[in-house]
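One file, data.csv, carrying CSV, C-alpha atoms:
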chain,number,residue,atom,x,y,z
A,25,MET,CA,-14.4,7.5,-8.8
A,26,GLN,CA,-13.8,11.2,-9.5
A,27,ILE,CA,-17.5,11.9,-8.8
A,28,GLY,CA,-17.1,10.1,-5.5
A,29,VAL,CA,-14.1,12.3,-4.5
A,30,GLY,CA,-16.1,15.4,-5.5
A,31,LEU,CA,-19.1,14.3,-3.5
A,32,THR,CA,-17.0,13.5,-0.5
A,33,ALA,CA,-15.2,16.8,-0.6
A,34,PHE,CA,-18.4,18.7,-1.1
A,35,GLY,CA,-20.0,16.8,1.8
A,36,THR,CA,-17.1,17.6,4.0
A,37,ALA,CA,-17.3,21.3,3.0
A,38,LEU,CA,-21.0,21.4,3.8
A,39,ILE,CA,-20.4,19.8,7.2
A,40,GLY,CA,-17.8,22.5,7.9
A,41,LEU,CA,-20.0,25.2,6.6
A,42,GLY,CA,-22.9,23.9,8.8
A,43,VAL,CA,-20.7,24.0,11.9
A,44,ILE,CA,-19.5,27.6,11.0
A,45,LEU,CA,-23.1,28.7,10.5
A,46,PHE,CA,-24.0,27.9,14.1
A,47,PHE,CA,-24.6,24.2,13.7
A,48,ASP,CA,-27.1,24.4,10.9
A,49,ALA,CA,-28.7,21.0,11.0
A,50,GLY,CA,-29.8,21.1,7.3
A,51,LEU,CA,-26.3,21.7,5.9
A,52,ILE,CA,-24.8,19.1,8.2
A,53,ALA,CA,-27.3,16.5,7.3
A,54,ILE,CA,-26.8,17.1,3.5
A,55,GLY,CA,-23.1,17.1,4.1
A,56,ASN,CA,-23.3,13.7,5.8
A,57,ILE,CA,-25.4,12.2,3.0
A,58,LEU,CA,-23.0,13.5,0.4
A,59,PHE,CA,-20.0,12.2,2.4
A,60,LEU,CA,-21.5,8.7,2.6
A,61,ALA,CA,-22.5,8.7,-1.0
A,62,GLY,CA,-19.1,9.8,-2.1
A,63,MET,CA,-17.4,7.3,0.0
A,64,SER,CA,-19.5,4.5,-1.4
A,65,MET,CA,-18.8,5.7,-5.0
A,66,ILE,CA,-15.0,5.7,-4.2
A,67,ILE,CA,-14.7,2.2,-2.8
A,68,GLY,CA,-18.0,0.7,-3.9
A,69,PRO,CA,-21.2,0.0,-2.0
A,70,GLN,CA,-20.2,-3.5,-0.9
A,71,LYS,CA,-16.8,-2.5,0.5
A,72,THR,CA,-18.4,0.5,2.2
A,73,PHE,CA,-20.9,-1.8,3.9
A,74,PHE,CA,-18.1,-4.1,5.0
A,75,PHE,CA,-16.0,-1.2,6.2
A,76,PHE,CA,-18.8,0.1,8.5
A,77,THR,CA,-19.8,-3.4,9.7
A,78,ARG,CA,-16.3,-4.7,10.6
A,79,ARG,CA,-16.0,-5.9,14.1
A,80,ASP,CA,-13.1,-3.6,15.0
A,81,LYS,CA,-15.0,-0.6,13.5
A,82,LEU,CA,-18.4,-1.3,15.0
A,83,ARG,CA,-18.1,1.2,17.9
A,84,GLY,CA,-17.1,4.0,15.5
A,85,SER,CA,-19.9,3.1,13.1
A,86,ILE,CA,-22.5,3.1,15.8
A,87,ALA,CA,-21.3,6.5,17.1
A,88,PHE,CA,-21.2,8.0,13.6
A,89,PHE,CA,-24.7,6.9,12.7
A,90,VAL,CA,-26.1,7.9,16.1
A,91,GLY,CA,-24.6,11.3,15.6
A,92,PHE,CA,-26.1,11.4,12.1
A,93,LEU,CA,-29.5,10.6,13.6
A,94,LEU,CA,-29.1,13.3,16.2
A,95,VAL,CA,-28.4,15.8,13.5
A,96,LEU,CA,-31.5,14.8,11.7
A,97,VAL,CA,-33.6,15.4,14.8
A,98,LYS,CA,-32.1,18.9,15.0
A,99,TRP,CA,-29.7,18.2,18.0
A,100,SER,CA,-26.8,19.5,15.9
A,101,ILE,CA,-24.2,20.2,18.5
A,102,LEU,CA,-24.5,16.9,20.3
A,103,GLY,CA,-24.8,15.1,16.9
A,104,ILE,CA,-21.5,16.6,15.6
A,105,ILE,CA,-19.7,15.7,18.8
A,106,VAL,CA,-20.9,12.1,18.6
A,107,GLU,CA,-20.1,12.0,14.9
A,108,ALA,CA,-16.6,13.3,15.5
A,109,PHE,CA,-16.0,10.5,18.0
A,110,GLY,CA,-17.3,8.0,15.5
A,111,PHE,CA,-15.2,9.5,12.7
A,112,LEU,CA,-12.0,9.3,14.8
A,113,ASN,CA,-12.7,5.7,15.7
A,114,LEU,CA,-13.5,4.8,12.1
A,115,PHE,CA,-10.6,6.7,10.3
A,116,GLY,CA,-8.0,7.0,13.1
A,117,ASP,CA,-5.9,4.3,11.5
A,118,PHE,CA,-5.3,6.6,8.4
A,119,PHE,CA,-3.9,9.5,10.4
A,120,PRO,CA,-0.2,8.3,10.3
A,121,VAL,CA,-0.5,7.8,6.5
A,122,ALA,CA,-2.0,11.3,6.1
A,123,ILE,CA,0.7,12.9,8.3
A,124,ASN,CA,3.4,11.2,6.3
A,125,PHE,CA,1.9,12.4,3.1
A,126,LEU,CA,1.6,16.0,4.5
A,127,ARG,CA,5.3,15.8,5.6
A,128,SER,CA,6.3,15.1,2.0
A,129,LEU,CA,4.7,18.3,0.7
A,130,PRO,CA,7.2,21.2,0.3
A,131,PHE,CA,5.8,24.0,2.5
A,132,VAL,CA,3.6,21.9,4.9
A,133,GLY,CA,6.4,19.4,5.5
A,134,ARG,CA,8.7,22.1,6.8
A,135,LEU,CA,5.9,23.5,9.0
A,136,LEU,CA,5.1,20.0,10.5
A,137,ASN,CA,8.8,19.3,11.2
A,138,LEU,CA,9.2,22.4,13.4
A,139,PRO,CA,10.1,21.1,16.9
A,140,VAL,CA,7.0,22.1,18.9
A,141,ILE,CA,4.6,21.3,16.0
A,142,ARG,CA,6.4,18.0,15.4
A,143,GLN,CA,5.7,16.8,19.0
A,144,VAL,CA,2.0,17.6,18.7
A,145,VAL,CA,1.6,16.0,15.3
A,146,ASP,CA,3.5,12.9,16.4
A,147,ARG,CA,1.2,12.5,19.3
A,148,ILE,CA,-1.9,13.0,17.1
A,149,GLY,CA,-0.5,10.6,14.5
A,150,GLY,CA,0.2,7.9,17.1
A,151,TYR,CA,4.0,7.9,16.8
A,152,PRO,CA,6.0,7.0,19.9
A,153,SER,CA,8.1,9.8,21.3
A,154,GLN,CA,11.2,7.6,21.2
A,155,TYR,CA,11.7,4.5,19.2
A,156,PRO,CA,13.2,1.4,21.0
A,157,VAL,CA,16.7,0.6,20.2
Same coordinates, now as structure tokens:
Amino acid sequence: MQIGVGLTAFGTALIGLGVILFFDAGLIAIGNILFLAGMSMIIGPQKTFFFFTRRDKLRGSIAFFVGFLLVLVKWSILGIIVEAFGFLNLFGDFFPVAINFLRSLPFVGRLLNLPVIRQVVDRIGGYPSQYPV
């Protein structure tokens, strides 16, 4: 499991580095492969397969893998955009959990609770602006 976390983090770092270095298709492709390998090592190959083939995640899975194929054929910018759309559709349910975790951290929590930033983060995280009574 620790190796899976390392592979996922290294894959994410390579994707970010590939974007910074003017959408280098090689770095982005290796980052994608490491990200998927790490994810399958964290939750297991069978659960990874079922995660990507769930009916409610199918649109995100298709977009993610089409973006991956676009990166492989050297259309990096379009591939990253399509991948980002797929990533948001696949992992969008985890954003409120991640935001709550970040709010519990000492320095980051104070920053995220500032009035202007709180409104933006709540909108990204899917929180309603006002709760019903």
Q: May I have the residues within 7 Å of stretch 144-152 of chain A as a PyMOL selection string, using all atoms listed in the file and disregarding those fewer than 4 positions away in the same chain?
A: chain A and resi 119-120+123+140
Convert the current residue selection to file output with C-alpha atoms, as a PDB file, in the coordinates of the input.
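Once written, part.pdb looks like this:
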ATOM      1  CA  PHE A 119      -3.900   9.500  10.400  1.00  0.00           C
ATOM      2  CA  PRO A 120      -0.200   8.300  10.300  1.00  0.00           C
ATOM      3  CA  ILE A 123       0.700  12.900   8.300  1.00  0.00           C
ATOM      4  CA  VAL A 140       7.000  22.100  18.900  1.00  0.00           C
TER       5      VAL A 140
END
Q: Could you check which of A:Phe115, A:Phe131, A:Phe47, A:Phe74 is closest to A:Trp99, using only C-alpha atoms?
A: A:Phe47
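For A:Ile66, the set of protein, DNA and RNA residues having any atom at most 8 Å away, when counting all atoms listed in the file and skipping those fewer than 5 positions along the same chain, is Met25, Gln26, Gly28 and Val29 of chain A.
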Q: Compare A:Ala37, A:Val106, A:Ile44, A:Ile101 by their minimum atom-to-atom distance to A:Phe59, counting all atoms listed in the file, and give me the closest one.
A: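 Of A:Ala37, A:Val106, A:Ile44, A:Ile101, the one nearest A:Phe59 is A:Ala37, counting all atoms listed in the file.
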**Q.** Separation of atom CA of A:Ala61 from atom CA of A:Gly40 in Å
**A.** 17.1 Å
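Of the listed residues (A:Gly103, A:Gly42, A:Gly62, A:Gly110), A:Gly110 comes nearest to A:Arg83; the distances count only C-alpha atoms.
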Q: Point out the residue among A:Gly133, A:Gly68, A:Gly35, A:Gly30 with the least atom-to-atom distance to A:Asn56, counting only C-alpha atoms.
A: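 Once distances to A:Asn56 are computed over only C-alpha atoms, the minimum belongs to A:Gly35.
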Q) In Å to one decimal, how far is atom CA of A:Leu51 from atom CA of A:Gly91? A) 14.3 Å
Q | Between atom CA of A:Asn113 and atom CA of A:Phe88, distance in Å (one decimal) | A |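 A separation of 9.1 Å between them.
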Q | Long-range neighbours of stretch 95-97 of chain A as number ranges by chain, 9 Å cut-off, all atoms listed in the file, 4 positions minimum in chain | A | A: 49-50, 52-53, 90-91, 101-104
Please output stretch 74-109 of chain A, rebuilt to include N, CA and C atoms, as an mmCIF file, in the frame of the given file.
data_model
loop_
_atom_site.group_PDB
_atom_site.id
_atom_site.type_symbol
_atom_site.label_atom_id
_atom_site.label_comp_id
_atom_site.auth_asym_id
_atom_site.auth_seq_id
_atom_site.Cartn_x
_atom_site.Cartn_y
_atom_site.Cartn_z
ATOM 1 N N PHE A 74 -19.044 -3.319 4.177
ATOM 2 C CA PHE A 74 -18.100 -4.100 5.000
ATOM 3 C C PHE A 74 -17.225 -3.285 5.856
ATOM 4 N N PHE A 75 -16.863 -2.085 5.388
ATOM 5 C CA PHE A 75 -16.000 -1.200 6.200
ATOM 6 C C PHE A 75 -16.777 -0.772 7.469
ATOM 7 N N PHE A 76 -18.038 -0.392 7.323
ATOM 8 C CA PHE A 76 -18.800 0.100 8.500
ATOM 9 C C PHE A 76 -19.250 -1.057 9.392
ATOM 10 N N THR A 77 -19.289 -2.285 8.906
ATOM 11 C CA THR A 77 -19.800 -3.400 9.700
ATOM 12 C C THR A 77 -18.636 -4.293 10.232
ATOM 13 N N ARG A 78 -17.380 -3.910 10.008
ATOM 14 C CA ARG A 78 -16.300 -4.700 10.600
ATOM 15 C C ARG A 78 -16.320 -4.666 12.065
ATOM 16 N N ARG A 79 -15.933 -5.761 12.659
ATOM 17 C CA ARG A 79 -16.000 -5.900 14.100
ATOM 18 C C ARG A 79 -15.199 -4.836 14.855
ATOM 19 N N ASP A 80 -13.994 -4.534 14.364
ATOM 20 C CA ASP A 80 -13.100 -3.600 15.000
ATOM 21 C C ASP A 80 -13.601 -2.115 14.780
ATOM 22 N N LYS A 81 -14.469 -1.898 13.803
ATOM 23 C CA LYS A 81 -15.000 -0.600 13.500
ATOM 24 C C LYS A 81 -16.413 -0.348 13.967
ATOM 25 N N LEU A 82 -16.980 -1.334 14.662
ATOM 26 C CA LEU A 82 -18.400 -1.300 15.000
ATOM 27 C C LEU A 82 -18.723 -0.126 15.958
ATOM 28 N N ARG A 83 -17.869 0.117 16.945
ATOM 29 C CA ARG A 83 -18.100 1.200 17.900
ATOM 30 C C ARG A 83 -18.120 2.566 17.182
ATOM 31 N N GLY A 84 -17.167 2.768 16.284
ATOM 32 C CA GLY A 84 -17.100 4.000 15.500
ATOM 33 C C GLY A 84 -18.302 4.155 14.586
ATOM 34 N N SER A 85 -18.722 3.040 13.971
ATOM 35 C CA SER A 85 -19.900 3.100 13.100
ATOM 36 C C SER A 85 -21.149 3.447 13.808
ATOM 37 N N ILE A 86 -21.343 2.826 14.961
ATOM 38 C CA ILE A 86 -22.500 3.100 15.800
ATOM 39 C C ILE A 86 -22.549 4.581 16.179
ATOM 40 N N ALA A 87 -21.397 5.077 16.648
ATOM 41 C CA ALA A 87 -21.300 6.500 17.100
ATOM 42 C C ALA A 87 -21.565 7.415 15.892
ATOM 43 N N PHE A 88 -21.002 7.095 14.739
ATOM 44 C CA PHE A 88 -21.200 8.000 13.600
ATOM 45 C C PHE A 88 -22.648 8.035 13.161
ATOM 46 N N PHE A 89 -23.310 6.889 13.110
ATOM 47 C CA PHE A 89 -24.700 6.900 12.700
ATOM 48 C C PHE A 89 -25.651 7.422 13.737
ATOM 49 N N VAL A 90 -25.333 7.242 15.011
ATOM 50 C CA VAL A 90 -26.100 7.900 16.100
ATOM 51 C C VAL A 90 -26.000 9.385 15.995
ATOM 52 N N GLY A 91 -24.780 9.862 15.756
ATOM 53 C CA GLY A 91 -24.600 11.300 15.600
ATOM 54 C C GLY A 91 -25.321 11.820 14.360
ATOM 55 N N PHE A 92 -25.357 11.046 13.280
ATOM 56 C CA PHE A 92 -26.100 11.400 12.100
ATOM 57 C C PHE A 92 -27.608 11.532 12.411
ATOM 58 N N LEU A 93 -28.126 10.581 13.164
ATOM 59 C CA LEU A 93 -29.500 10.600 13.600
ATOM 60 C C LEU A 93 -29.826 11.819 14.477
ATOM 61 N N LEU A 94 -28.888 12.136 15.369
ATOM 62 C CA LEU A 94 -29.100 13.300 16.200
ATOM 63 C C LEU A 94 -29.124 14.591 15.421
ATOM 64 N N VAL A 95 -28.308 14.665 14.380
ATOM 65 C CA VAL A 95 -28.400 15.800 13.500
ATOM 66 C C VAL A 95 -29.696 15.916 12.795
ATOM 67 N N LEU A 96 -30.210 14.770 12.372
ATOM 68 C CA LEU A 96 -31.500 14.800 11.700
ATOM 69 C C LEU A 96 -32.652 15.211 12.553
ATOM 70 N N VAL A 97 -32.563 14.961 13.872
ATOM 71 C CA VAL A 97 -33.600 15.400 14.800
ATOM 72 C C VAL A 97 -33.317 16.773 15.379
ATOM 73 N N LYS A 98 -32.385 17.502 14.724
ATOM 74 C CA LYS A 98 -32.100 18.900 15.000
ATOM 75 C C LYS A 98 -31.289 19.084 16.345
ATOM 76 N N TRP A 99 -30.602 18.043 16.825
ATOM 77 C CA TRP A 99 -29.700 18.200 18.000
ATOM 78 C C TRP A 99 -28.276 18.265 17.366
ATOM 79 N N SER A 100 -27.984 19.371 16.700
ATOM 80 C CA SER A 100 -26.800 19.500 15.900
ATOM 81 C C SER A 100 -25.488 19.408 16.674
ATOM 82 N N ILE A 101 -25.419 20.134 17.775
ATOM 83 C CA ILE A 101 -24.200 20.200 18.500
ATOM 84 C C ILE A 101 -23.797 18.829 19.078
ATOM 85 N N LEU A 102 -24.735 18.193 19.741
ATOM 86 C CA LEU A 102 -24.500 16.900 20.300
ATOM 87 C C LEU A 102 -24.222 15.867 19.147
ATOM 88 N N GLY A 103 -24.958 15.992 18.046
ATOM 89 C CA GLY A 103 -24.800 15.100 16.900
ATOM 90 C C GLY A 103 -23.384 15.211 16.304
ATOM 91 N N ILE A 104 -22.874 16.421 16.164
ATOM 92 C CA ILE A 104 -21.500 16.600 15.600
ATOM 93 C C ILE A 104 -20.471 16.044 16.551
ATOM 94 N N ILE A 105 -20.657 16.213 17.849
ATOM 95 C CA ILE A 105 -19.700 15.700 18.800
ATOM 96 C C ILE A 105 -19.660 14.145 18.725
ATOM 97 N N VAL A 106 -20.833 13.527 18.682
ATOM 98 C CA VAL A 106 -20.900 12.100 18.600
ATOM 99 C C VAL A 106 -20.358 11.594 17.240
ATOM 100 N N GLU A 107 -20.678 12.314 16.181
ATOM 101 C CA GLU A 107 -20.100 12.000 14.900
ATOM 102 C C GLU A 107 -18.624 12.083 14.829
ATOM 103 N N ALA A 108 -18.078 13.115 15.438
ATOM 104 C CA ALA A 108 -16.600 13.300 15.500
ATOM 105 C C ALA A 108 -15.957 12.132 16.190
ATOM 106 N N PHE A 109 -16.554 11.693 17.301
ATOM 107 C CA PHE A 109 -16.000 10.500 18.000
ATOM 108 C C PHE A 109 -16.049 9.299 17.118
#
